[in-house]
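Here's data10.pdb, which has PDB, C-alpha atoms and all ligand atoms:
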ATOM      1  CA  MET A   1      13.161   5.965   3.448  1.00  0.00           C
ATOM      2  CA  ILE A   2      10.312   4.470   5.436  1.00  0.00           C
ATOM      3  CA  TYR A   3       6.791   4.546   4.017  1.00  0.00           C
ATOM      4  CA  ILE A   4       3.855   4.920   6.362  1.00  0.00           C
ATOM      5  CA  ILE A   5       0.705   4.559   4.296  1.00  0.00           C
ATOM      6  CA  ALA A   6      -2.827   5.197   5.503  1.00  0.00           C
ATOM      7  CA  ASN A   7      -5.525   3.165   3.800  1.00  0.00           C
ATOM      8  CA  TRP A   8      -8.786   4.743   4.906  1.00  0.00           C
ATOM      9  CA  LYS A   9     -10.903   2.244   2.915  1.00  0.00           C
ATOM     10  CA  CYS A  10     -14.585   3.372   2.767  1.00  0.00           C
ATOM     11  CA  ASN A  11     -14.109   5.815   5.688  1.00  0.00           C
ATOM     12  CA  PRO A  12     -14.869   8.291   7.179  1.00  0.00           C
ATOM     13  CA  LYS A  13     -18.533   9.079   6.552  1.00  0.00           C
ATOM     14  CA  SER A  14     -18.154  12.805   5.833  1.00  0.00           C
ATOM     15  CA  PHE A  15     -15.709  15.228   4.267  1.00  0.00           C
ATOM     16  CA  ASN A  16     -15.564  17.234   7.505  1.00  0.00           C
ATOM     17  CA  GLU A  17     -14.306  14.208   9.369  1.00  0.00           C
ATOM     18  CA  ALA A  18     -11.811  13.413   6.593  1.00  0.00           C
ATOM     19  CA  LYS A  19     -10.510  16.978   6.764  1.00  0.00           C
ATOM     20  CA  ARG A  20     -10.188  16.773  10.550  1.00  0.00           C
ATOM     21  CA  ILE A  21      -8.099  13.587  10.416  1.00  0.00           C
ATOM     22  CA  PHE A  22      -6.001  14.815   7.497  1.00  0.00           C
ATOM     23  CA  ASN A  23      -5.268  18.222   9.030  1.00  0.00           C
ATOM     24  CA  LEU A  24      -4.262  16.682  12.326  1.00  0.00           C
ATOM     25  CA  VAL A  25      -1.780  14.391  10.600  1.00  0.00           C
ATOM     26  CA  LYS A  26      -0.574  17.271   8.418  1.00  0.00           C
ATOM     27  CA  GLU A  27       0.014  19.506  11.417  1.00  0.00           C
ATOM     28  CA  LYS A  28       1.973  16.846  13.305  1.00  0.00           C
ATOM     29  CA  THR A  29       4.141  15.765  10.373  1.00  0.00           C
ATOM     30  CA  LYS A  30       5.562  19.132   9.370  1.00  0.00           C
ATOM     31  CA  GLU A  31       9.008  18.244  10.665  1.00  0.00           C
ATOM     32  CA  ILE A  32       9.355  14.671   9.486  1.00  0.00           C
ATOM     33  CA  LYS A  33      12.537  13.796   7.669  1.00  0.00           C
ATOM     34  CA  LYS A  34      13.047  10.072   7.184  1.00  0.00           C
ATOM     35  CA  THR A  35       9.460   9.019   6.674  1.00  0.00           C
ATOM     36  CA  LYS A  36       7.162   9.366   3.701  1.00  0.00           C
ATOM     37  CA  VAL A  37       3.527   9.513   4.760  1.00  0.00           C
ATOM     38  CA  ILE A  38       0.914   8.715   2.145  1.00  0.00           C
ATOM     39  CA  ILE A  39      -2.777   9.134   2.874  1.00  0.00           C
ATOM     40  CA  CYS A  40      -5.167   7.166   0.695  1.00  0.00           C
ATOM     41  CA  PRO A  41      -8.705   8.489   1.277  1.00  0.00           C
ATOM     42  CA  PRO A  42     -11.812   7.629  -0.754  1.00  0.00           C
ATOM     43  CA  PHE A  43     -11.711   9.172  -4.274  1.00  0.00           C
ATOM     44  CA  VAL A  44     -14.184  11.993  -3.535  1.00  0.00           C
ATOM     45  CA  PHE A  45     -12.047  13.513  -0.794  1.00  0.00           C
ATOM     46  CA  LEU A  46      -8.829  13.529  -2.825  1.00  0.00           C
ATOM     47  CA  PRO A  47      -9.160  16.890  -4.628  1.00  0.00           C
ATOM     48  CA  LYS A  48     -10.079  18.679  -1.413  1.00  0.00           C
ATOM     49  CA  LEU A  49      -7.199  17.479   0.749  1.00  0.00           C
ATOM     50  CA  LYS A  50      -4.200  19.665   0.058  1.00  0.00           C
ATOM     51  CA  THR A  51      -0.565  19.179   0.956  1.00  0.00           C
ATOM     52  CA  LYS A  52       2.527  21.099  -0.049  1.00  0.00           C
ATOM     53  CA  ASN A  53       4.869  18.927   1.989  1.00  0.00           C
ATOM     54  CA  SER A  54       6.642  16.345  -0.174  1.00  0.00           C
ATOM     55  CA  LYS A  55       6.841  14.051   2.889  1.00  0.00           C
ATOM     56  CA  LEU A  56       3.035  13.944   3.102  1.00  0.00           C
ATOM     57  CA  GLN A  57       1.406  12.857  -0.109  1.00  0.00           C
ATOM     58  CA  LEU A  58      -1.912  11.597  -1.380  1.00  0.00           C
ATOM     59  CA  GLY A  59      -2.712   8.204  -2.788  1.00  0.00           C
ATOM     60  CA  ALA A  60      -5.783   6.431  -4.154  1.00  0.00           C
ATOM     61  CA  GLN A  61      -7.089   3.029  -3.137  1.00  0.00           C
ATOM     62  CA  ASN A  62      -7.872   1.887  -6.649  1.00  0.00           C
ATOM     63  CA  CYS A  63      -7.970   3.003 -10.289  1.00  0.00           C
ATOM     64  CA  PHE A  64      -9.298   2.029 -13.685  1.00  0.00           C
ATOM     65  CA  TRP A  65      -6.941   0.922 -16.461  1.00  0.00           C
ATOM     66  CA  GLU A  66      -8.305   2.965 -19.395  1.00  0.00           C
ATOM     67  CA  ASP A  67      -7.744   6.744 -19.482  1.00  0.00           C
ATOM     68  CA  THR A  68     -11.275   7.767 -20.509  1.00  0.00           C
ATOM     69  CA  GLY A  69     -14.353   6.273 -22.147  1.00  0.00           C
ATOM     70  CA  ALA A  70     -17.746   4.693 -21.620  1.00  0.00           C
ATOM     71  CA  PHE A  71     -16.974   2.903 -18.346  1.00  0.00           C
ATOM     72  CA  ASP A  72     -19.628   3.924 -15.825  1.00  0.00           C
ATOM     73  CA  GLY A  73     -18.415   4.780 -12.369  1.00  0.00           C
ATOM     74  CA  GLU A  74     -14.727   4.253 -13.029  1.00  0.00           C
ATOM     75  CA  VAL A  75     -11.895   6.635 -12.101  1.00  0.00           C
ATOM     76  CA  SER A  76      -8.772   6.632 -14.265  1.00  0.00           C
ATOM     77  CA  VAL A  77      -5.104   7.188 -13.480  1.00  0.00           C
ATOM     78  CA  PRO A  78      -4.822  10.541 -15.352  1.00  0.00           C
ATOM     79  CA  MET A  79      -7.889  11.783 -13.446  1.00  0.00           C
ATOM     80  CA  LEU A  80      -6.237  10.876 -10.154  1.00  0.00           C
ATOM     81  CA  LYS A  81      -2.975  12.457 -11.254  1.00  0.00           C
ATOM     82  CA  SER A  82      -4.795  15.680 -12.146  1.00  0.00           C
ATOM     83  CA  VAL A  83      -6.024  16.089  -8.557  1.00  0.00           C
ATOM     84  CA  GLY A  84      -2.601  15.627  -6.993  1.00  0.00           C
ATOM     85  CA  CYS A  85      -2.526  11.902  -6.354  1.00  0.00           C
ATOM     86  CA  LYS A  86       1.003  10.450  -6.413  1.00  0.00           C
ATOM     87  CA  TYR A  87       0.463   6.822  -5.359  1.00  0.00           C
ATOM     88  CA  ILE A  88      -2.183   4.194  -6.165  1.00  0.00           C
ATOM     89  CA  ILE A  89      -2.874   1.025  -4.200  1.00  0.00           C
ATOM     90  CA  VAL A  90      -3.415  -1.856  -6.609  1.00  0.00           C
ATOM     91  CA  GLY A  91      -4.677  -5.356  -5.843  1.00  0.00           C
ATOM     92  CA  HIS A  92      -5.793  -4.872  -2.246  1.00  0.00           C
ATOM     93  CA  SER A  93      -7.266  -8.131  -0.953  1.00  0.00           C
ATOM     94  CA  GLU A  94     -10.652  -6.457  -0.424  1.00  0.00           C
ATOM     95  CA  ARG A  95     -10.731  -5.558  -4.131  1.00  0.00           C
ATOM     96  CA  ARG A  96      -9.682  -9.073  -5.033  1.00  0.00           C
ATOM     97  CA  ARG A  97     -12.326 -10.555  -2.744  1.00  0.00           C
ATOM     98  CA  TYR A  98     -15.388  -8.274  -2.960  1.00  0.00           C
ATOM     99  CA  PHE A  99     -14.905  -6.884  -6.471  1.00  0.00           C
ATOM    100  CA  LYS A 100     -13.501 -10.054  -8.002  1.00  0.00           C
ATOM    101  CA  GLU A 101     -10.323  -8.428  -9.274  1.00  0.00           C
ATOM    102  CA  THR A 102      -8.220 -11.018 -11.047  1.00  0.00           C
ATOM    103  CA  ASP A 103      -4.458 -11.082 -11.575  1.00  0.00           C
ATOM    104  CA  SER A 104      -5.005  -9.954 -15.155  1.00  0.00           C
ATOM    105  CA  VAL A 105      -7.114  -6.941 -14.084  1.00  0.00           C
ATOM    106  CA  ILE A 106      -4.436  -6.067 -11.531  1.00  0.00           C
ATOM    107  CA  ASN A 107      -1.786  -6.292 -14.249  1.00  0.00           C
ATOM    108  CA  LYS A 108      -3.734  -3.840 -16.450  1.00  0.00           C
ATOM    109  CA  LYS A 109      -4.041  -1.416 -13.537  1.00  0.00           C
ATOM    110  CA  MET A 110      -0.320  -1.701 -12.755  1.00  0.00           C
ATOM    111  CA  LYS A 111       0.507  -0.906 -16.396  1.00  0.00           C
ATOM    112  CA  ALA A 112      -1.828   2.112 -16.337  1.00  0.00           C
ATOM    113  CA  VAL A 113      -0.128   3.449 -13.194  1.00  0.00           C
ATOM    114  CA  MET A 114       3.314   2.959 -14.795  1.00  0.00           C
ATOM    115  CA  LYS A 115       2.209   4.622 -18.050  1.00  0.00           C
ATOM    116  CA  HIS A 116       1.235   7.808 -16.211  1.00  0.00           C
ATOM    117  CA  ASN A 117       4.350   7.811 -14.033  1.00  0.00           C
ATOM    118  CA  LEU A 118       2.600   7.435 -10.706  1.00  0.00           C
ATOM    119  CA  LYS A 119       3.774   5.043  -7.999  1.00  0.00           C
ATOM    120  CA  ALA A 120       1.984   1.769  -7.378  1.00  0.00           C
ATOM    121  CA  ILE A 121       1.588   0.030  -4.044  1.00  0.00           C
ATOM    122  CA  LEU A 122       0.942  -3.545  -5.093  1.00  0.00           C
ATOM    123  CA  CYS A 123      -0.720  -5.646  -2.381  1.00  0.00           C
ATOM    124  CA  VAL A 124      -0.081  -9.368  -2.169  1.00  0.00           C
ATOM    125  CA  GLY A 125      -0.963 -11.896   0.495  1.00  0.00           C
ATOM    126  CA  GLU A 126      -2.348 -15.340   1.158  1.00  0.00           C
ATOM    127  CA  THR A 127      -5.655 -16.232   2.834  1.00  0.00           C
ATOM    128  CA  LYS A 128      -5.865 -18.242   6.042  1.00  0.00           C
ATOM    129  CA  GLU A 129      -6.898 -21.317   4.079  1.00  0.00           C
ATOM    130  CA  GLU A 130      -4.028 -20.938   1.616  1.00  0.00           C
ATOM    131  CA  LYS A 131      -1.608 -20.569   4.522  1.00  0.00           C
ATOM    132  CA  ARG A 132      -3.037 -23.671   6.198  1.00  0.00           C
ATOM    133  CA  LYS A 133      -2.585 -25.666   3.006  1.00  0.00           C
ATOM    134  CA  GLY A 134       1.061 -24.565   2.683  1.00  0.00           C
ATOM    135  CA  LYS A 135       0.375 -22.510  -0.442  1.00  0.00           C
ATOM    136  CA  PHE A 136       2.063 -19.306   0.743  1.00  0.00           C
ATOM    137  CA  SER A 137       4.933 -19.307  -1.771  1.00  0.00           C
ATOM    138  CA  MET A 138       2.781 -20.401  -4.693  1.00  0.00           C
ATOM    139  CA  ILE A 139       0.237 -17.622  -4.070  1.00  0.00           C
ATOM    140  CA  ILE A 140       2.738 -14.844  -3.474  1.00  0.00           C
ATOM    141  CA  SER A 141       4.896 -15.699  -6.471  1.00  0.00           C
ATOM    142  CA  ARG A 142       1.805 -15.992  -8.698  1.00  0.00           C
ATOM    143  CA  GLN A 143       0.382 -12.659  -7.549  1.00  0.00           C
ATOM    144  CA  ILE A 144       3.696 -10.893  -8.130  1.00  0.00           C
ATOM    145  CA  THR A 145       4.638 -12.436 -11.458  1.00  0.00           C
ATOM    146  CA  LYS A 146       1.166 -11.893 -12.924  1.00  0.00           C
ATOM    147  CA  ALA A 147       0.782  -8.344 -11.615  1.00  0.00           C
ATOM    148  CA  LEU A 148       4.194  -7.336 -12.986  1.00  0.00           C
ATOM    149  CA  LYS A 149       4.001  -9.247 -16.275  1.00  0.00           C
ATOM    150  CA  GLY A 150       5.299  -7.046 -19.090  1.00  0.00           C
ATOM    151  CA  ILE A 151       6.459  -4.264 -16.772  1.00  0.00           C
ATOM    152  CA  PRO A 152       9.986  -3.335 -17.887  1.00  0.00           C
ATOM    153  CA  LYS A 153      12.992  -2.804 -15.630  1.00  0.00           C
ATOM    154  CA  LYS A 154      12.890   0.935 -16.192  1.00  0.00           C
ATOM    155  CA  ASP A 155       9.502   1.127 -14.430  1.00  0.00           C
ATOM    156  CA  VAL A 156      10.415  -0.906 -11.379  1.00  0.00           C
ATOM    157  CA  GLU A 157      11.411   2.154  -9.344  1.00  0.00           C
ATOM    158  CA  LYS A 158       7.715   3.147  -9.395  1.00  0.00           C
ATOM    159  CA  ILE A 159       6.694   0.001  -7.502  1.00  0.00           C
ATOM    160  CA  ARG A 160       6.300  -0.669  -3.790  1.00  0.00           C
ATOM    161  CA  ILE A 161       5.006  -4.042  -2.628  1.00  0.00           C
ATOM    162  CA  ALA A 162       2.875  -4.488   0.478  1.00  0.00           C
ATOM    163  CA  TYR A 163       2.804  -7.938   2.009  1.00  0.00           C
ATOM    164  CA  GLU A 164      -0.649  -8.137   3.543  1.00  0.00           C
ATOM    165  CA  PRO A 165      -1.641 -11.600   4.744  1.00  0.00           C
ATOM    166  CA  VAL A 166      -5.419 -11.587   4.277  1.00  0.00           C
ATOM    167  CA  TRP A 167      -5.959 -13.236   7.670  1.00  0.00           C
ATOM    168  CA  ALA A 168      -4.175 -10.373   9.400  1.00  0.00           C
ATOM    169  CA  ILE A 169      -6.122  -7.513   7.797  1.00  0.00           C
ATOM    170  CA  GLY A 170      -8.642  -5.942  10.158  1.00  0.00           C
ATOM    171  CA  SER A 171      -8.587  -9.059  12.312  1.00  0.00           C
ATOM    172  CA  GLY A 172      -6.590  -7.753  15.266  1.00  0.00           C
ATOM    173  CA  LYS A 173      -4.366 -10.807  14.683  1.00  0.00           C
ATOM    174  CA  PRO A 174      -1.220  -9.458  13.064  1.00  0.00           C
ATOM    175  CA  CYS A 175       1.359 -11.698  11.520  1.00  0.00           C
ATOM    176  CA  ARG A 176       4.499 -12.255  13.583  1.00  0.00           C
ATOM    177  CA  PRO A 177       7.374  -9.940  12.581  1.00  0.00           C
ATOM    178  CA  VAL A 178       9.513 -12.950  11.690  1.00  0.00           C
ATOM    179  CA  GLU A 179       6.810 -14.180   9.294  1.00  0.00           C
ATOM    180  CA  ALA A 180       6.684 -10.748   7.661  1.00  0.00           C
ATOM    181  CA  GLN A 181      10.460 -10.855   7.300  1.00  0.00           C
ATOM    182  CA  VAL A 182      10.351 -14.290   5.676  1.00  0.00           C
ATOM    183  CA  ALA A 183       7.645 -13.038   3.297  1.00  0.00           C
ATOM    184  CA  SER A 184       9.731  -9.991   2.447  1.00  0.00           C
ATOM    185  CA  LEU A 185      12.749 -12.190   1.591  1.00  0.00           C
ATOM    186  CA  PHE A 186      10.555 -14.433  -0.513  1.00  0.00           C
ATOM    187  CA  ILE A 187       9.130 -11.409  -2.374  1.00  0.00           C
ATOM    188  CA  LYS A 188      12.656 -10.163  -3.067  1.00  0.00           C
ATOM    189  CA  ARG A 189      13.653 -13.602  -4.390  1.00  0.00           C
ATOM    190  CA  THR A 190      10.627 -13.627  -6.698  1.00  0.00           C
ATOM    191  CA  LEU A 191      11.519 -10.147  -7.945  1.00  0.00           C
ATOM    192  CA  SER A 192      15.171 -11.175  -8.478  1.00  0.00           C
ATOM    193  CA  ARG A 193      14.015 -14.001 -10.710  1.00  0.00           C
ATOM    194  CA  MET A 194      11.886 -11.605 -12.765  1.00  0.00           C
ATOM    195  CA  TYR A 195      14.425  -8.803 -12.958  1.00  0.00           C
ATOM    196  CA  THR A 196      17.851  -8.860 -11.306  1.00  0.00           C
ATOM    197  CA  ARG A 197      18.931  -9.060  -7.697  1.00  0.00           C
ATOM    198  CA  LYS A 198      20.125  -5.462  -7.796  1.00  0.00           C
ATOM    199  CA  ILE A 199      16.741  -4.261  -9.032  1.00  0.00           C
ATOM    200  CA  ALA A 200      14.869  -6.403  -6.518  1.00  0.00           C
ATOM    201  CA  GLU A 201      16.844  -4.872  -3.666  1.00  0.00           C
ATOM    202  CA  LYS A 202      15.610  -1.426  -4.678  1.00  0.00           C
ATOM    203  CA  ILE A 203      11.893  -2.219  -4.370  1.00  0.00           C
ATOM    204  CA  PRO A 204      10.521  -1.237  -0.953  1.00  0.00           C
ATOM    205  CA  ILE A 205       8.603  -4.037   0.772  1.00  0.00           C
ATOM    206  CA  LEU A 206       5.984  -2.983   3.298  1.00  0.00           C
ATOM    207  CA  TYR A 207       3.899  -4.885   5.803  1.00  0.00           C
ATOM    208  CA  GLY A 208       0.148  -4.467   6.371  1.00  0.00           C
ATOM    209  CA  GLY A 209      -2.328  -6.241   8.657  1.00  0.00           C
ATOM    210  CA  SER A 210      -3.530  -5.087  12.093  1.00  0.00           C
ATOM    211  CA  VAL A 211      -0.635  -2.693  12.624  1.00  0.00           C
ATOM    212  CA  ASN A 212      -1.044  -0.465  15.667  1.00  0.00           C
ATOM    213  CA  ARG A 213       1.015   1.795  17.927  1.00  0.00           C
ATOM    214  CA  LYS A 214       2.239  -1.207  19.936  1.00  0.00           C
ATOM    215  CA  ASN A 215       3.470  -3.494  17.177  1.00  0.00           C
ATOM    216  CA  ALA A 216       4.515  -1.028  14.405  1.00  0.00           C
ATOM    217  CA  ILE A 217       8.097  -0.751  15.587  1.00  0.00           C
ATOM    218  CA  ASP A 218       8.575  -4.542  15.514  1.00  0.00           C
ATOM    219  CA  TYR A 219       7.948  -4.633  11.756  1.00  0.00           C
ATOM    220  CA  LEU A 220      10.228  -1.702  11.089  1.00  0.00           C
ATOM    221  CA  LYS A 221      13.100  -2.775  13.359  1.00  0.00           C
ATOM    222  CA  GLU A 222      12.946  -6.507  13.919  1.00  0.00           C
ATOM    223  CA  ALA A 223      11.519  -7.489  10.533  1.00  0.00           C
ATOM    224  CA  GLU A 224      13.358  -4.679   8.673  1.00  0.00           C
ATOM    225  CA  MET A 225      10.336  -3.828   6.560  1.00  0.00           C
ATOM    226  CA  ASN A 226      10.601  -0.644   4.477  1.00  0.00           C
ATOM    227  CA  GLY A 227       7.257   0.622   5.701  1.00  0.00           C
ATOM    228  CA  LEU A 228       3.716  -0.102   6.781  1.00  0.00           C
ATOM    229  CA  LEU A 229       0.289  -0.071   5.155  1.00  0.00           C
ATOM    230  CA  ILE A 230      -2.198   0.766   7.864  1.00  0.00           C
ATOM    231  CA  GLY A 231      -5.996   0.503   7.778  1.00  0.00           C
ATOM    232  CA  GLY A 232      -7.881   0.824  11.090  1.00  0.00           C
ATOM    233  CA  ALA A 233      -5.169   2.658  13.048  1.00  0.00           C
ATOM    234  CA  SER A 234      -4.755   5.254  10.277  1.00  0.00           C
ATOM    235  CA  LEU A 235      -8.235   6.588  11.063  1.00  0.00           C
ATOM    236  CA  ARG A 236      -7.158   7.299  14.640  1.00  0.00           C
ATOM    237  CA  PRO A 237      -4.958  10.340  13.979  1.00  0.00           C
ATOM    238  CA  GLN A 238      -3.158  10.402  17.349  1.00  0.00           C
ATOM    239  CA  GLU A 239      -2.216   6.753  17.018  1.00  0.00           C
ATOM    240  CA  PHE A 240      -1.220   7.176  13.377  1.00  0.00           C
ATOM    241  CA  VAL A 241       1.000  10.142  14.226  1.00  0.00           C
ATOM    242  CA  GLU A 242       2.590   8.124  17.023  1.00  0.00           C
ATOM    243  CA  ILE A 243       3.464   5.394  14.506  1.00  0.00           C
ATOM    244  CA  ILE A 244       4.994   8.002  12.179  1.00  0.00           C
ATOM    245  CA  LYS A 245       7.115   9.294  15.067  1.00  0.00           C
ATOM    246  CA  GLN A 246       8.316   5.774  15.811  1.00  0.00           C
ATOM    247  CA  ALA A 247       9.268   5.380  12.137  1.00  0.00           C
ATOM    248  CA  GLU A 248      11.254   8.614  12.297  1.00  0.00           C
ATOM    249  CA  ASN A 249      13.380   7.130  15.079  1.00  0.00           C
ATOM    250  CA  VAL A 250      14.171   3.776  13.483  1.00  0.00           C
TER     251      VAL A 250
HETATM  252  C1  LIG B 301      -5.425  -2.546   5.065  1.00  0.00           C
HETATM  253  O1  LIG B 301      -6.529  -2.034   4.903  1.00  0.00           O
HETATM  254  O2  LIG B 301      -4.665  -2.667   4.114  1.00  0.00           O
HETATM  255  C2  LIG B 301      -5.054  -2.995   6.419  1.00  0.00           C
HETATM  256  C3  LIG B 301      -3.868  -3.488   6.598  1.00  0.00           C
HETATM  257  O3  LIG B 301      -5.997  -2.832   7.397  1.00  0.00           O
HETATM  258  P1  LIG B 301      -5.760  -3.018   9.001  1.00  0.00           P
HETATM  259  O4  LIG B 301      -4.558  -2.208   9.356  1.00  0.00           O
HETATM  260  O5  LIG B 301      -7.012  -2.483   9.609  1.00  0.00           O
HETATM  261  O6  LIG B 301      -5.558  -4.480   9.255  1.00  0.00           O
END

What do you get writing this file as structure tokens?
Ligand code: PEP
Amino acid sequence: MIYIIANWKCNPKSFNEAKRIFNLVKEKTKEIKKTKVIICPPFVFLPKLKTKNSKLQLGAQNCFWEDTGAFDGEVSVPMLKSVGCKYIIVGHSERRRYFKETDSVINKKMKAVMKHNLKAILCVGETKEEKRKGKFSMIISRQITKALKGIPKKDVEKIRIAYEPVWAIGSGKPCRPVEAQVASLFIKRTLSRMYTRKIAEKIPILYGGSVNRKNAIDYLKEAEMNGLLIGGASLRPQEFVEIIKQAENV
């Protein structure tokens, strides 16, 4: 199974535009077999975007860790589940950076997603500065071990991990496929240490960071990634559909 995940971030500006993009992707993905497409729009559009195709599902870009309560402006996992959301992105670098999400906050969110039996897409990745200082392995292993702290083996099947080097996101400077492959092997080794090798092998590892119609196939074929997390190009429906078609033929 290959995962092609659209992260729309804070886009588009209107529901009409969201519906246009979504319906175009929906129409063109009716026949897909090998690929799972997950669209993660802003919260407000989620209940209005409908899909009956199990190969095209909805995800959220964030969640809160409590179910209900006096927490202004937050959106909880059961709320997301009740409007048809199946996946939740947790720990995206923009949440870590602009909203100061710490490893411990990310861990609480991961546990909330597990508790309600949704699937989590955990994002990990080093900044340019951390890469320059040779801190790649330290950062990635810290982000994974802290995010998954206390999550039992039985829940691991609900986790997908996206390697998203911060310097490659939205920069038009993607990471080389071989670097993504090395990161994927390192992530698997970290997971093997936490769980077992057999369990680690079952967790899909995706790549994200300036993926487009020209380079997508390199990550899927050459780097053997289990899928892609796509920002900018996922808002260009023709290009996004083209990437899905490439994934179908891997
Ligand atoms: C992202 O938002 O997770 C992302 C990878 O964005 P982009 O594809 O635009 O780099």

Would you list the contacts of Lys28 (chain A) as a list in words, taking every protein, DNA or RNA residue within 10 Å and counting all atoms listed in the file, but skipping same-chain residues closer than 3 positions in sequence?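 Contacts, in chain order: Asn23, Leu24, Val25, Glu31, Ile32, Pro237, Gln238, Val241, Glu242, Ile244 and Lys245 of chain A.
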
Let me see the file: selected residues, C-alpha atoms, as a CSV table (one decimal), in the frame of the given file.
chain,number,residue,atom,x,y,z
A,23,ASN,CA,-5.3,18.2,9.0
A,24,LEU,CA,-4.3,16.7,12.3
A,25,VAL,CA,-1.8,14.4,10.6
A,31,GLU,CA,9.0,18.2,10.7
A,32,ILE,CA,9.4,14.7,9.5
A,237,PRO,CA,-5.0,10.3,14.0
A,238,GLN,CA,-3.2,10.4,17.3
A,241,VAL,CA,1.0,10.1,14.2
A,242,GLU,CA,2.6,8.1,17.0
A,244,ILE,CA,5.0,8.0,12.2
A,245,LYS,CA,7.1,9.3,15.1

Set the distance at 9 Å and use all atoms listed in the file: which residues neighbour region 57-70 of chain A once local chain neighbours fewer than 5 positions away are removed? I'd like the list as number ranges by chain. A: 5-9, 36-43, 46, 49-52, 75-80, 84-92, 95, 105-106, 108-113, 119

Resulting file, chosen residues, C-alpha atoms, as a compact mmCIF listing (two decimals), in the coordinates of the input:
# COMPACT_ATOMS: atom_id res chain seq x y z
CA ILE A 5 0.70 4.56 4.30
CA ALA A 6 -2.83 5.20 5.50
CA ASN A 7 -5.52 3.16 3.80
CA TRP A 8 -8.79 4.74 4.91
CA LYS A 9 -10.90 2.24 2.92
CA LYS A 36 7.16 9.37 3.70
CA VAL A 37 3.53 9.51 4.76
CA ILE A 38 0.91 8.72 2.14
CA ILE A 39 -2.78 9.13 2.87
CA CYS A 40 -5.17 7.17 0.70
CA PRO A 41 -8.70 8.49 1.28
CA PRO A 42 -11.81 7.63 -0.75
CA PHE A 43 -11.71 9.17 -4.27
CA LEU A 46 -8.83 13.53 -2.82
CA LEU A 49 -7.20 17.48 0.75
CA LYS A 50 -4.20 19.66 0.06
CA THR A 51 -0.56 19.18 0.96
CA LYS A 52 2.53 21.10 -0.05
CA VAL A 75 -11.90 6.64 -12.10
CA SER A 76 -8.77 6.63 -14.26
CA VAL A 77 -5.10 7.19 -13.48
CA PRO A 78 -4.82 10.54 -15.35
CA MET A 79 -7.89 11.78 -13.45
CA LEU A 80 -6.24 10.88 -10.15
CA GLY A 84 -2.60 15.63 -6.99
CA CYS A 85 -2.53 11.90 -6.35
CA LYS A 86 1.00 10.45 -6.41
CA TYR A 87 0.46 6.82 -5.36
CA ILE A 88 -2.18 4.19 -6.16
CA ILE A 89 -2.87 1.02 -4.20
CA VAL A 90 -3.42 -1.86 -6.61
CA GLY A 91 -4.68 -5.36 -5.84
CA HIS A 92 -5.79 -4.87 -2.25
CA ARG A 95 -10.73 -5.56 -4.13
CA VAL A 105 -7.11 -6.94 -14.08
CA ILE A 106 -4.44 -6.07 -11.53
CA LYS A 108 -3.73 -3.84 -16.45
CA LYS A 109 -4.04 -1.42 -13.54
CA MET A 110 -0.32 -1.70 -12.76
CA LYS A 111 0.51 -0.91 -16.40
CA ALA A 112 -1.83 2.11 -16.34
CA VAL A 113 -0.13 3.45 -13.19
CA LYS A 119 3.77 5.04 -8.00

What is the CA of Cys10 (chain A)-CA of Leu235 (chain A) distance in Å, reported with one decimal?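 Distance reported for this atom pair: 10.9 Å.
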
List all protein, DNA and RNA residues that have an atom no more than 7 Å from any atom of ligand LIG 301 (chain B), counting only C-alpha atoms and all ligand atoms, and report them as a PDB file with C-alpha atoms, in the coordinates of the input.
ATOM      1  CA  ASN A   7      -5.525   3.165   3.800  1.00  0.00           C
ATOM      2  CA  LYS A   9     -10.903   2.244   2.915  1.00  0.00           C
ATOM      3  CA  HIS A  92      -5.793  -4.872  -2.246  1.00  0.00           C
ATOM      4  CA  GLU A 164      -0.649  -8.137   3.543  1.00  0.00           C
ATOM      5  CA  ALA A 168      -4.175 -10.373   9.400  1.00  0.00           C
ATOM      6  CA  ILE A 169      -6.122  -7.513   7.797  1.00  0.00           C
ATOM      7  CA  GLY A 170      -8.642  -5.942  10.158  1.00  0.00           C
ATOM      8  CA  SER A 171      -8.587  -9.059  12.312  1.00  0.00           C
ATOM      9  CA  GLY A 172      -6.590  -7.753  15.266  1.00  0.00           C
ATOM     10  CA  GLY A 208       0.148  -4.467   6.371  1.00  0.00           C
ATOM     11  CA  GLY A 209      -2.328  -6.241   8.657  1.00  0.00           C
ATOM     12  CA  SER A 210      -3.530  -5.087  12.093  1.00  0.00           C
ATOM     13  CA  VAL A 211      -0.635  -2.693  12.624  1.00  0.00           C
ATOM     14  CA  LEU A 229       0.289  -0.071   5.155  1.00  0.00           C
ATOM     15  CA  ILE A 230      -2.198   0.766   7.864  1.00  0.00           C
ATOM     16  CA  GLY A 231      -5.996   0.503   7.778  1.00  0.00           C
ATOM     17  CA  GLY A 232      -7.881   0.824  11.090  1.00  0.00           C
ATOM     18  CA  ALA A 233      -5.169   2.658  13.048  1.00  0.00           C
TER      19      ALA A 233
END

Spatial neighbours of region 187-191 of chain A, 9 Å, all atoms listed in the file, chain gap at least 2 places, as a ChimeraX atom specification: /A:137,140-141,144-145,161,163,182-185,193-197,199-201,203,205

For Lys128 (chain A), the nearest of the candidates A:Arg160, A:Pro165, A:Tyr98, A:Lys115, counting all atoms listed in the file: A:Pro165

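Rounded to one decimal, CA of Ser234 (chain A) and CA of Glu248 (chain A) lie 16.5 Å from each other.
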
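Among the candidates A:Glu17, A:Leu56, A:Glu157, A:Glu224, the one nearest to Lys30 (chain A) when counting all atoms listed in the file is A:Leu56.
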
Between A:Ser93, A:Asn53, A:Thr35, A:Asn215, which is the closest to Gly227 (chain A) once you count all atoms listed in the file?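 Answer, going by the shortest atom-to-atom distance: A:Thr35.
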
Give the answer as one residue: which of A:Lys149, A:Lys48, A:Lys154, A:Lys81 has the shortest atom-to-atom distance to Asn107 (chain A), using all atoms listed in the file?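 Closest candidate: A:Lys149.
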